[in-house]
>>> print(open('final22.cif').read())   # mmCIF, C-alpha atoms and all ligand atoms
data_entry
loop_
_atom_site.label_atom_id
_atom_site.label_comp_id
_atom_site.auth_asym_id
_atom_site.auth_seq_id
_atom_site.Cartn_x
_atom_site.Cartn_y
_atom_site.Cartn_z
CA MET A 203 179.45 254.50 280.31
CA SER A 204 178.33 252.70 283.43
CA ASP A 205 174.89 253.03 285.02
CA PRO A 206 174.47 255.62 287.72
CA ARG A 207 174.69 254.11 291.18
CA THR A 208 171.53 252.38 292.34
CA ALA A 209 169.91 253.32 295.65
CA LEU A 210 170.86 249.93 296.96
CA GLU A 211 174.49 250.29 295.92
CA THR A 212 174.66 253.47 298.00
CA ARG A 213 173.35 251.47 300.95
CA VAL A 214 175.82 248.60 300.35
CA ARG A 215 178.72 251.06 300.22
CA ALA A 216 177.59 252.80 303.40
CA ARG A 217 177.52 249.46 305.25
CA ILE A 218 180.95 248.47 303.96
CA ALA A 219 182.33 251.86 304.99
CA ALA A 220 180.87 251.44 308.48
CA ARG A 221 181.53 247.74 309.15
CA GLY A 222 184.04 246.54 306.57
CA PRO A 223 183.63 243.92 303.82
CA MET A 224 180.23 242.23 303.64
CA PRO A 225 179.72 238.46 303.22
CA VAL A 226 178.29 237.51 299.81
CA GLY A 227 175.21 236.11 301.55
CA GLU A 228 174.48 239.42 303.23
CA PHE A 229 174.95 241.25 299.92
CA MET A 230 172.56 238.84 298.20
CA ALA A 231 169.96 239.24 300.99
CA LEU A 232 170.10 243.03 300.70
CA CYS A 233 169.90 242.97 296.90
CA LEU A 234 166.89 240.69 296.85
CA GLN A 235 164.97 241.46 299.99
CA ASP A 236 165.64 245.02 301.11
CA PRO A 237 162.05 246.19 301.75
CA GLU A 238 162.57 249.47 299.94
CA HIS A 239 165.05 248.86 297.11
CA GLY A 240 165.45 245.07 296.97
CA TYR A 241 164.87 243.27 293.68
CA TYR A 242 161.73 241.40 294.75
CA SER A 243 160.36 244.42 296.62
CA ALA A 244 160.80 247.02 293.95
CA ARG A 245 160.12 245.29 290.66
CA LEU A 246 158.04 242.66 288.89
CA PRO A 247 160.66 240.31 287.58
CA PHE A 248 158.65 237.64 285.79
CA GLY A 249 157.38 236.99 282.32
CA ALA A 250 158.49 237.84 278.83
CA ALA A 251 158.89 241.52 279.77
CA GLY A 252 160.73 240.74 283.01
CA ASP A 253 164.12 239.26 283.69
CA PHE A 254 163.30 235.55 283.65
CA VAL A 255 160.48 233.10 282.96
CA THR A 256 159.52 230.34 285.40
CA ALA A 257 157.77 227.03 284.65
CA PRO A 258 154.25 228.10 285.72
CA GLU A 259 154.62 231.19 283.52
CA ILE A 260 155.59 229.01 280.54
CA SER A 261 152.50 226.83 280.58
CA GLN A 262 149.33 226.13 282.55
CA MET A 263 150.28 222.44 282.29
CA PHE A 264 152.81 222.89 285.07
CA GLY A 265 150.31 224.06 287.71
CA GLU A 266 147.72 221.56 286.51
CA LEU A 267 150.04 218.60 286.98
CA LEU A 268 151.14 219.89 290.35
CA ALA A 269 147.45 220.13 291.28
CA ALA A 270 147.08 216.40 290.65
CA TRP A 271 150.18 215.78 292.76
CA VAL A 272 148.84 217.89 295.62
CA VAL A 273 145.50 216.04 295.67
CA GLU A 274 147.26 212.65 295.76
CA ALA A 275 149.65 213.82 298.45
CA TRP A 276 146.71 214.99 300.57
CA GLN A 277 145.04 211.60 300.08
CA ALA A 278 148.26 209.84 301.08
CA MET A 279 148.13 211.89 304.29
CA GLY A 280 144.70 210.38 304.97
CA GLY A 281 142.70 213.32 303.61
CA PRO A 282 142.79 215.48 306.75
CA GLY A 283 140.53 218.52 307.16
CA PRO A 284 141.12 221.32 307.57
CA PHE A 285 144.55 221.30 305.97
CA ALA A 286 146.84 224.03 304.64
CA LEU A 287 148.06 224.20 301.06
CA ILE A 288 151.15 226.35 301.55
CA GLU A 289 153.07 227.91 298.66
CA CYS A 290 156.48 229.41 299.38
CA GLY A 291 157.44 232.29 297.07
CA PRO A 292 154.36 232.34 294.80
CA GLY A 293 155.70 234.99 292.38
CA ARG A 294 152.75 236.28 290.36
CA GLY A 295 150.40 233.64 291.82
CA THR A 296 150.04 231.86 288.48
CA MET A 297 150.83 228.37 289.75
CA MET A 298 148.34 228.68 292.63
CA LYS A 299 145.68 229.96 290.24
CA ASP A 300 146.22 226.98 287.92
CA MET A 301 146.21 224.56 290.86
CA LEU A 302 142.97 225.96 292.24
CA ARG A 303 141.28 225.85 288.83
CA ALA A 304 142.43 222.28 288.22
CA THR A 305 141.12 221.07 291.60
CA ARG A 306 137.76 222.80 291.53
CA ARG A 307 135.84 219.52 291.11
CA GLU A 308 137.70 217.73 293.93
CA ALA A 309 134.88 218.29 296.42
CA ALA A 310 136.39 216.66 299.52
CA PHE A 311 139.80 218.25 298.90
CA ARG A 312 138.24 221.68 298.44
CA ALA A 313 136.05 221.38 301.51
CA ALA A 314 139.15 220.72 303.63
CA LEU A 315 141.41 223.32 301.96
CA GLU A 316 142.93 226.51 303.38
CA VAL A 317 145.43 228.39 301.20
CA HIS A 318 148.48 230.04 302.79
CA LEU A 319 151.01 232.04 300.77
CA VAL A 320 154.49 232.70 302.14
CA GLU A 321 155.79 235.89 300.54
CA THR A 322 158.09 238.64 301.79
CA SER A 323 157.58 241.12 298.96
CA ALA A 324 154.72 243.60 299.43
CA GLY A 325 154.66 244.31 295.69
CA LEU A 326 154.36 240.64 294.76
CA ARG A 327 151.68 240.08 297.41
CA GLN A 328 149.66 242.73 295.59
CA VAL A 329 150.18 240.96 292.25
CA GLN A 330 149.18 237.63 293.83
CA ARG A 331 146.03 239.18 295.33
CA GLU A 332 145.07 240.43 291.87
CA THR A 333 145.82 237.10 290.10
CA LEU A 334 143.85 235.15 292.70
CA LYS A 335 141.00 237.59 293.27
CA ASP A 336 138.29 235.33 291.83
CA CYS A 337 139.57 232.21 293.57
CA PRO A 338 137.75 230.71 296.45
CA PRO A 339 138.82 229.66 299.12
CA PRO A 340 140.07 232.49 301.35
CA LEU A 341 143.78 233.21 301.07
CA ARG A 342 146.18 234.24 303.79
CA TRP A 343 149.68 235.69 303.47
CA HIS A 344 152.63 235.19 305.80
CA ALA A 345 156.22 236.44 305.91
CA ALA A 346 157.64 233.05 306.93
CA ILE A 347 156.46 229.46 306.89
CA ASP A 348 156.64 229.30 310.68
CA ASP A 349 153.86 231.91 310.82
CA VAL A 350 151.36 229.53 309.16
CA PRO A 351 149.09 228.05 311.88
CA ALA A 352 149.91 224.49 312.93
CA MET A 353 147.79 222.02 310.93
CA PRO A 354 148.38 219.26 308.38
CA ALA A 355 150.07 220.82 305.35
CA VAL A 356 150.92 220.19 301.71
CA ILE A 357 153.73 222.59 300.79
CA VAL A 358 154.85 223.56 297.29
CA ALA A 359 157.89 225.67 296.43
CA ASN A 360 158.93 226.36 292.82
CA GLU A 361 162.09 228.43 292.35
CA PHE A 362 161.91 229.52 295.97
CA PHE A 363 165.17 228.13 297.35
CA ASP A 364 167.30 229.50 294.49
CA ALA A 365 166.23 233.00 295.55
CA LEU A 366 167.45 232.54 299.13
CA PRO A 367 170.90 233.97 299.84
CA VAL A 368 173.93 231.68 299.61
CA ARG A 369 177.16 232.08 301.48
CA GLN A 370 180.38 231.26 299.68
CA ALA A 371 183.78 230.13 300.91
CA GLU A 372 186.97 229.64 298.93
CA ARG A 373 189.57 226.98 299.65
CA ARG A 374 193.03 228.37 300.31
CA PRO A 375 196.05 226.48 301.65
CA ALA A 376 195.28 227.84 305.15
CA GLY A 377 191.60 226.74 305.10
CA TRP A 378 188.22 228.03 304.01
CA PHE A 379 187.85 231.80 303.67
CA GLU A 380 184.44 233.40 303.33
CA ARG A 381 183.89 235.45 300.18
CA MET A 382 183.17 239.09 300.84
CA VAL A 383 182.04 242.12 298.86
CA SER A 384 184.28 245.13 299.36
CA VAL A 385 185.40 248.32 297.60
CA ASP A 386 188.68 248.21 295.67
CA ASP A 387 191.39 250.89 295.27
CA ARG A 388 189.58 252.41 292.32
CA GLY A 389 186.32 252.66 294.24
CA ALA A 390 184.50 249.77 292.52
CA LEU A 391 182.60 246.98 294.27
CA THR A 392 184.71 243.83 294.16
CA LEU A 393 184.75 240.26 295.44
CA GLY A 394 187.48 239.27 297.86
CA LEU A 395 188.13 236.98 300.80
CA ALA A 396 187.83 237.50 304.54
CA PRO A 397 191.26 238.04 306.16
CA GLU A 398 190.93 235.03 308.49
CA PRO A 399 189.80 231.45 307.75
CA MET A 400 186.27 230.60 308.83
CA ALA A 401 185.68 229.81 312.48
CA GLY A 402 185.35 226.08 313.06
CA ASP A 403 187.78 225.44 310.24
CA ARG A 404 189.82 222.38 311.17
CA ALA A 405 192.29 220.62 308.93
CA GLY A 406 190.80 222.29 305.89
CA ASP A 407 187.22 221.16 306.59
CA LEU A 408 184.26 223.48 306.53
CA PRO A 409 182.48 224.29 309.80
CA ASP A 410 180.48 221.55 311.49
CA ASP A 411 177.14 222.24 309.82
CA LEU A 412 178.65 221.83 306.34
CA PRO A 413 179.81 218.72 304.52
CA PRO A 414 183.57 218.32 304.79
CA LEU A 415 185.35 218.72 301.48
CA PRO A 416 188.65 217.00 302.13
CA GLN A 417 189.33 216.70 298.42
CA ALA A 418 188.73 220.38 297.70
CA ARG A 419 191.52 222.03 295.78
CA THR A 420 192.90 225.50 296.36
CA GLY A 421 190.73 228.07 294.62
CA GLU A 422 187.55 225.98 294.70
CA VAL A 423 184.41 227.70 295.94
CA PHE A 424 181.75 226.05 298.06
CA GLU A 425 178.26 227.49 298.56
CA TRP A 426 175.65 226.83 301.21
CA ARG A 427 172.43 228.29 302.49
CA PRO A 428 171.39 228.78 306.10
CA PRO A 429 169.21 225.74 306.87
CA GLY A 430 166.27 227.54 308.54
CA PRO A 431 163.82 227.54 305.59
CA VAL A 432 164.33 223.89 304.56
CA ARG A 433 164.12 222.81 308.20
CA ALA A 434 160.79 224.66 308.57
CA VAL A 435 159.40 222.99 305.43
CA ALA A 436 160.69 219.54 306.42
CA ALA A 437 159.40 219.78 309.99
CA ARG A 438 155.85 220.29 308.68
CA ALA A 439 156.26 217.40 306.28
CA ALA A 440 157.59 215.15 309.05
CA ALA A 441 154.56 216.06 311.22
CA GLY A 442 152.02 214.29 309.01
CA GLY A 443 152.45 216.45 305.89
CA THR A 444 154.06 216.52 302.46
CA ALA A 445 156.24 219.03 300.59
CA LEU A 446 157.35 219.39 296.99
CA VAL A 447 160.44 221.43 296.13
CA ILE A 448 161.30 222.24 292.49
CA ASP A 449 164.38 224.19 291.57
CA TYR A 450 167.48 224.26 289.44
CA GLY A 451 170.55 222.75 290.95
CA HIS A 452 172.66 219.67 291.61
CA THR A 453 171.77 216.36 293.24
CA VAL A 454 175.19 215.91 294.88
CA SER A 455 176.95 218.58 296.96
CA ALA A 456 179.86 219.87 294.93
CA ALA A 457 182.24 222.78 294.71
CA GLY A 458 181.40 225.53 292.25
CA ASP A 459 180.59 229.22 292.09
CA THR A 460 177.01 229.30 290.73
CA LEU A 461 176.00 232.78 291.85
CA GLN A 462 174.49 234.47 288.84
CA ALA A 463 172.81 237.72 288.03
CA VAL A 464 170.24 238.18 285.28
CA ARG A 465 168.78 241.37 283.94
CA ALA A 466 166.35 241.45 281.00
CA HIS A 467 167.13 237.80 280.12
CA ALA A 468 170.90 238.45 279.93
CA ALA A 469 173.68 237.45 282.35
CA VAL A 470 175.42 240.37 284.09
CA SER A 471 177.98 240.60 286.90
CA PRO A 472 176.45 239.88 290.34
CA LEU A 473 177.99 243.15 291.54
CA ALA A 474 176.49 245.25 288.74
CA ALA A 475 173.45 247.35 289.50
CA PRO A 476 172.59 245.99 292.98
CA GLY A 477 168.82 245.66 293.40
CA LEU A 478 168.11 245.86 289.67
CA CYS A 479 169.08 242.32 288.69
CA ASP A 480 167.92 238.94 289.85
CA LEU A 481 170.52 237.07 291.88
CA THR A 482 170.25 233.31 292.26
CA ALA A 483 172.48 230.32 292.91
CA HIS A 484 172.04 226.61 292.27
CA VAL A 485 170.20 224.61 294.91
CA ASP A 486 172.18 221.82 296.58
CA PHE A 487 169.61 219.00 296.72
CA GLU A 488 171.91 216.78 298.75
CA ALA A 489 171.98 219.46 301.45
CA LEU A 490 168.17 219.81 301.32
CA GLY A 491 167.74 216.05 301.71
CA ARG A 492 170.21 215.90 304.59
CA GLU A 493 168.37 218.64 306.47
CA ALA A 494 164.99 217.07 305.76
CA ARG A 495 166.10 213.66 307.09
CA ALA A 496 167.56 215.32 310.17
CA ALA A 497 164.14 216.95 310.72
CA GLY A 498 162.52 213.49 310.67
CA ALA A 499 161.03 213.56 307.18
CA ARG A 500 161.14 210.85 304.53
CA VAL A 501 162.86 212.09 301.35
CA HIS A 502 161.53 211.12 297.89
CA GLY A 503 163.90 211.70 294.96
CA PRO A 504 165.33 213.96 293.74
CA VAL A 505 164.41 213.26 290.12
CA THR A 506 164.78 215.57 287.16
CA GLN A 507 161.86 217.86 286.35
CA GLY A 508 161.54 216.19 282.94
CA CYS A 509 161.20 212.76 284.50
CA PHE A 510 158.79 214.02 287.17
CA LEU A 511 156.46 215.77 284.71
CA ARG A 512 156.47 212.80 282.31
CA ARG A 513 155.52 210.46 285.15
CA LEU A 514 152.67 212.80 286.09
CA GLY A 515 151.40 212.55 282.51
CA ILE A 516 152.45 215.80 280.86
CA ALA A 517 152.50 214.24 277.37
CA ALA A 518 148.85 213.20 277.66
CA ARG A 519 147.90 216.60 279.07
CA ALA A 520 149.65 218.35 276.16
CA ALA A 521 147.78 216.15 273.67
CA VAL A 522 144.43 217.03 275.26
CA LEU A 523 145.21 220.75 275.11
CA GLN A 524 146.38 220.46 271.50
CA ALA A 525 143.16 218.70 270.50
CA HIS A 526 141.21 221.41 272.30
CA VAL A 527 143.01 224.39 270.75
CA PRO A 528 144.52 223.18 267.45
CA ALA A 529 145.74 226.69 266.61
CA ARG A 530 148.08 226.53 269.64
CA SER A 531 149.36 223.05 268.85
CA SER A 532 152.93 223.95 267.96
CA GLY A 533 153.14 226.42 270.88
CA ILE A 534 152.06 223.69 273.28
CA ALA A 535 154.66 221.33 271.81
CA ALA A 536 157.30 224.02 272.34
CA ASP A 537 156.19 224.54 275.96
CA LEU A 538 156.37 220.79 276.54
CA ARG A 539 159.95 220.72 275.21
CA ARG A 540 160.95 223.73 277.30
CA LEU A 541 159.61 222.15 280.50
CA THR A 542 160.89 218.60 279.94
CA GLY A 543 163.70 218.74 277.38
CA SER A 544 167.41 218.45 278.06
CA GLY A 545 168.78 220.82 275.42
CA PRO A 546 170.17 224.32 275.95
CA GLY A 547 167.56 226.67 277.46
CA GLU A 548 165.35 223.70 278.37
CA MET A 549 164.46 222.92 281.98
CA GLY A 550 163.93 219.16 282.02
CA ASP A 551 167.40 218.13 283.22
CA LEU A 552 168.63 221.28 284.93
CA PHE A 553 165.65 221.44 287.29
CA LYS A 554 165.21 218.80 289.98
CA VAL A 555 162.23 217.80 292.10
CA VAL A 556 162.35 216.44 295.64
CA ALA A 557 159.52 215.65 298.05
CA PHE A 558 159.50 215.34 301.82
CA SER A 559 156.82 213.54 303.79
CA ALA A 560 155.87 211.99 307.06
CA PRO A 561 157.87 208.75 307.44
CA ALA A 562 154.70 206.64 307.12
CA ILE A 563 154.10 207.88 303.56
CA VAL A 564 156.28 205.62 301.43
CA ARG A 565 155.09 206.50 297.93
CA LEU A 566 154.26 209.79 296.26
CA PRO A 567 153.46 210.30 292.56
CA GLY A 568 156.40 211.08 290.29
CA PHE A 569 159.08 209.38 292.43
N1 LIG A 601 157.33 230.45 292.43
C1 LIG A 601 157.25 231.56 291.51
C2 LIG A 601 158.25 232.68 291.80
C3 LIG A 601 159.70 232.35 291.98
S1 LIG A 601 160.69 233.76 292.35
C4 LIG A 601 157.35 231.08 290.09
O1 LIG A 601 157.71 229.92 289.90
O2 LIG A 601 157.07 231.84 289.17
C5 LIG A 601 160.92 233.69 294.09
C6 LIG A 601 159.71 234.06 294.92
O3 LIG A 601 160.06 233.90 296.30
C7 LIG A 601 159.21 235.50 294.80
O4 LIG A 601 157.82 235.50 294.97
C8 LIG A 601 159.93 236.18 295.97
O5 LIG A 601 159.34 237.39 296.37
C9 LIG A 601 159.81 235.11 297.01
N2 LIG A 601 160.79 235.18 298.09
C10 LIG A 601 162.11 235.40 298.00
N3 LIG A 601 162.70 235.30 299.19
C11 LIG A 601 161.74 235.00 300.08
C12 LIG A 601 161.72 234.74 301.49
N4 LIG A 601 162.83 234.78 302.20
N5 LIG A 601 160.54 234.43 302.07
C13 LIG A 601 159.40 234.36 301.33
N6 LIG A 601 159.37 234.60 299.99
C14 LIG A 601 160.52 234.92 299.39
#
>>> encode(input="final22.cif", output="structure tokens", more="lines below")
Ligand code: SAH
Amino acid sequence: MSDPRTALETRVRARIAARGPMPVGEFMALCLQDPEHGYYSARLPFGAAGDFVTAPEISQMFGELLAAWVVEAWQAMGGPGPFALIECGPGRGTMMKDMLRATRREAAFRAALEVHLVETSAGLRQVQRETLKDCPPPLRWHAAIDDVPAMPAVIVANEFFDALPVRQAERRPAGWFERMVSVDDRGALTLGLAPEPMAGDRAGDLPDDLPPLPQARTGEVFEWRPPGPVRAVAARAAAGGTALVIDYGHTVSAAGDTLQAVRAHAAVSPLAAPGLCDLTAHVDFEALGREARAAGARVHGPVTQGCFLRRLGIAARAAVLQAHVPARSSGIAADLRRLTGSGPGEMGDLFKVVAFSAPAIVRLPGF
């Protein structure tokens, strides 16, 4: 027996009935961000009891090492004050909490610091407020990075870009056709193609803002995200700042349908139970780098998460923690493997790290 229809599915169907098939990107945006029934608005997705576990939720080591990175990045900027530490998509606020704890003795850094959290979900803002309630300095929340006041900034974003909607197009002999969600003859939600090739489609290339894929074969799917968020991050980095983006994805733009839905740690169909499962897609790091360079930023990396964390000294940090709490020694070793390893279920190779900075900053830790 299938689940009863979710509130969001009713809304998706009403829109399709009124306006016709809906681009995959619009479906993904509704599923994740609808203020009433969207996944991030209506539920608390993280942790062992949730649908997925992120690096800061695996181990405090992650936020602690990022704290060291943030302090060095701020120093490379010349140690400006005041400056904004901006986190995009802070989830439960765990990484920010670990970063603030790990930097509490950095007197000059702390004296200059303002914390700004970019979060659209009212429910997660509440969770973040609770997690960070004992943390000086004052915290401010914003719906978009452009709402953060203009000042020198260090930006961090872990698993933020994968949660932003992707659009998808499929190569057919007549060109690129956008993938759409519609309702089939039997009344089920289904994936299909727009009736006409995409506007701007010339000689089989994608529109102008996308990399041409002259070698693409019929049936291949290409995904891309609207460039607004990465441009906003990169513009702040270019203007005397730094930014660190960590996510799962590929270093070279490539065809592939990576849209995936996860519910209670298991893969489900992206069309099943709209609003109740997490929808993500791989991040195209080549596209991020291209946008960042176009915004005037210097691009560092990408490197794999495993490589990045090892260069920041995760092995030494794990050894210190193990000596401190011998009873947790094997757990800490397991966390280390999960964060840096390259086996199945491990994040070290799948996740990539890229940094953007002002052009004058030529070296950042980990790259
Ligand atoms: N960084 C956290 C959470 C990752 S999940 C961690 O590593 O655990 C994605 C986060 O981004 C959630 O907090 C979600 O509510 C937020 N988010 C998703 N889309 C957003 C958008 N368009 N603007 C701001 N935040 C968004």
>>> residues_near_point(input="final22.cif", point="(163.8, 220.7, 285.2)", cutoff="10 Å", atoms="only C-alpha atoms", output="ChimeraX atom specification")
/A:257,448-451,505-511,540-544,548-555
>>> atom_distance(input="final22.cif", atom1="atom N1 of ligand LIG 601 (chain A)", atom2="atom CA of Leu538 of chain A")
18.6 Å
>>> residues_near_ligand(input="final22.cif", ligand="ligand LIG 601 (chain A)", cutoff="8 Å", atoms="all atoms listed in the file", output="MDAnalysis selection string")
chainID A and resid 234:235 242:243 248 255:259 289:297 320:323 326 345:347 359:366
>>> atom_distance(input="final22.cif", atom1="atom CA of Pro206 of chain A", atom2="atom CA of Gln328 of chain A")
29.0 Å
>>> atom_distance(input="final22.cif", atom1="atom CA of Glu274 of chain A", atom2="atom CA of Ala560 of chain A")
14.2 Å
>>> residues_around(input="final22.cif", residues="Leu393 of chain A", least_positions_apart="6", cutoff="8 Å", atoms="all atoms listed in the file", output="VMD selection string")
chain A and resid 381 to 384
>>> closest_residue(input="final22.cif", among="A:Leu287, A:Val329, A:Ala456, A:Met301", to="Ala270 of chain A", atoms="only C-alpha atoms")
A:Met301
>>> closest_residue(input="final22.cif", among="A:Val527, A:Ala209, A:Leu391, A:Ala457", to="Arg373 of chain A", atoms="only C-alpha atoms")
A:Ala457
>>> residues_around(input="final22.cif", residues="Gly503 of chain A", least_positions_apart="6", cutoff="10 Å", atoms="only C-alpha atoms", output="ChimeraX atom specification")
/A:453,487,491,510,554-558,566,568-569
>>> decode(input="final22.cif", residues="segment 340-359 of chain A", atoms="N, CA, C and O atoms", output="PDB file, in the first residue's frame")
ATOM      1  N   PRO A 340      27.044  37.906  19.963  1.00  0.00           N
ATOM      2  CA  PRO A 340      25.674  37.956  19.459  1.00  0.00           C
ATOM      3  C   PRO A 340      25.561  37.323  18.073  1.00  0.00           C
ATOM      4  O   PRO A 340      26.491  37.396  17.272  1.00  0.00           O
ATOM      5  N   LEU A 341      24.411  36.703  17.827  1.00  0.00           N
ATOM      6  CA  LEU A 341      24.187  36.018  16.555  1.00  0.00           C
ATOM      7  C   LEU A 341      23.073  36.735  15.813  1.00  0.00           C
ATOM      8  O   LEU A 341      22.119  37.195  16.429  1.00  0.00           O
ATOM      9  N   ARG A 342      23.198  36.760  14.495  1.00  0.00           N
ATOM     10  CA  ARG A 342      22.100  37.320  13.697  1.00  0.00           C
ATOM     11  C   ARG A 342      21.761  36.365  12.573  1.00  0.00           C
ATOM     12  O   ARG A 342      22.628  35.730  11.995  1.00  0.00           O
ATOM     13  N   TRP A 343      20.450  36.279  12.277  1.00  0.00           N
ATOM     14  CA  TRP A 343      19.977  35.381  11.214  1.00  0.00           C
ATOM     15  C   TRP A 343      19.518  36.185  10.000  1.00  0.00           C
ATOM     16  O   TRP A 343      18.998  37.308  10.158  1.00  0.00           O
ATOM     17  N   HIS A 344      19.707  35.584   8.819  1.00  0.00           N
ATOM     18  CA  HIS A 344      19.301  36.228   7.569  1.00  0.00           C
ATOM     19  C   HIS A 344      18.734  35.166   6.637  1.00  0.00           C
ATOM     20  O   HIS A 344      19.124  33.999   6.707  1.00  0.00           O
ATOM     21  N   ALA A 345      17.847  35.593   5.733  1.00  0.00           N
ATOM     22  CA  ALA A 345      17.265  34.647   4.780  1.00  0.00           C
ATOM     23  C   ALA A 345      18.186  34.420   3.583  1.00  0.00           C
ATOM     24  O   ALA A 345      18.124  33.383   2.928  1.00  0.00           O
ATOM     25  N   ALA A 346      19.052  35.374   3.295  1.00  0.00           N
ATOM     26  CA  ALA A 346      19.952  35.243   2.139  1.00  0.00           C
ATOM     27  C   ALA A 346      21.257  35.942   2.453  1.00  0.00           C
ATOM     28  O   ALA A 346      21.295  36.884   3.252  1.00  0.00           O
ATOM     29  N   ILE A 347      22.316  35.485   1.817  1.00  0.00           N
ATOM     30  CA  ILE A 347      23.646  36.036   2.114  1.00  0.00           C
ATOM     31  C   ILE A 347      23.709  37.532   1.779  1.00  0.00           C
ATOM     32  O   ILE A 347      24.406  38.299   2.453  1.00  0.00           O
ATOM     33  N   ASP A 348      22.948  37.948   0.780  1.00  0.00           N
ATOM     34  CA  ASP A 348      22.977  39.369   0.418  1.00  0.00           C
ATOM     35  C   ASP A 348      22.381  40.259   1.505  1.00  0.00           C
ATOM     36  O   ASP A 348      22.576  41.472   1.487  1.00  0.00           O
ATOM     37  N   ASP A 349      21.673  39.675   2.449  1.00  0.00           N
ATOM     38  CA  ASP A 349      21.105  40.471   3.556  1.00  0.00           C
ATOM     39  C   ASP A 349      22.123  40.736   4.667  1.00  0.00           C
ATOM     40  O   ASP A 349      21.862  41.537   5.565  1.00  0.00           O
ATOM     41  N   VAL A 350      23.256  40.052   4.660  1.00  0.00           N
ATOM     42  CA  VAL A 350      24.279  40.292   5.685  1.00  0.00           C
ATOM     43  C   VAL A 350      24.921  41.654   5.388  1.00  0.00           C
ATOM     44  O   VAL A 350      25.265  41.925   4.238  1.00  0.00           O
ATOM     45  N   PRO A 351      25.079  42.524   6.410  1.00  0.00           N
ATOM     46  CA  PRO A 351      25.656  43.842   6.146  1.00  0.00           C
ATOM     47  C   PRO A 351      27.026  43.736   5.475  1.00  0.00           C
ATOM     48  O   PRO A 351      27.758  42.760   5.685  1.00  0.00           O
ATOM     49  N   ALA A 352      27.355  44.740   4.683  1.00  0.00           N
ATOM     50  CA  ALA A 352      28.637  44.740   3.969  1.00  0.00           C
ATOM     51  C   ALA A 352      29.771  44.953   4.958  1.00  0.00           C
ATOM     52  O   ALA A 352      29.795  45.944   5.682  1.00  0.00           O
ATOM     53  N   MET A 353      30.677  43.997   5.047  1.00  0.00           N
ATOM     54  CA  MET A 353      31.889  44.091   5.874  1.00  0.00           C
ATOM     55  C   MET A 353      32.764  42.903   5.498  1.00  0.00           C
ATOM     56  O   MET A 353      32.283  41.961   4.852  1.00  0.00           O
ATOM     57  N   PRO A 354      34.050  42.940   5.885  1.00  0.00           N
ATOM     58  CA  PRO A 354      34.894  41.792   5.546  1.00  0.00           C
ATOM     59  C   PRO A 354      34.278  40.506   6.106  1.00  0.00           C
ATOM     60  O   PRO A 354      33.746  40.518   7.214  1.00  0.00           O
ATOM     61  N   ALA A 355      34.352  39.423   5.321  1.00  0.00           N
ATOM     62  CA  ALA A 355      33.649  38.209   5.731  1.00  0.00           C
ATOM     63  C   ALA A 355      34.487  36.957   5.500  1.00  0.00           C
ATOM     64  O   ALA A 355      35.218  36.852   4.509  1.00  0.00           O
ATOM     65  N   VAL A 356      34.358  36.014   6.440  1.00  0.00           N
ATOM     66  CA  VAL A 356      34.797  34.635   6.237  1.00  0.00           C
ATOM     67  C   VAL A 356      33.510  33.818   6.182  1.00  0.00           C
ATOM     68  O   VAL A 356      32.704  33.862   7.111  1.00  0.00           O
ATOM     69  N   ILE A 357      33.319  33.097   5.077  1.00  0.00           N
ATOM     70  CA  ILE A 357      32.065  32.369   4.868  1.00  0.00           C
ATOM     71  C   ILE A 357      32.348  30.867   4.927  1.00  0.00           C
ATOM     72  O   ILE A 357      33.342  30.409   4.352  1.00  0.00           O
ATOM     73  N   VAL A 358      31.496  30.120   5.599  1.00  0.00           N
ATOM     74  CA  VAL A 358      31.605  28.661   5.558  1.00  0.00           C
ATOM     75  C   VAL A 358      30.256  28.076   5.142  1.00  0.00           C
ATOM     76  O   VAL A 358      29.197  28.587   5.521  1.00  0.00           O
ATOM     77  N   ALA A 359      30.299  27.012   4.353  1.00  0.00           N
ATOM     78  CA  ALA A 359      29.068  26.377   3.875  1.00  0.00           C
ATOM     79  C   ALA A 359      29.319  24.880   3.747  1.00  0.00           C
ATOM     80  O   ALA A 359      30.029  24.443   2.836  1.00  0.00           O
TER      81      ALA A 359
END
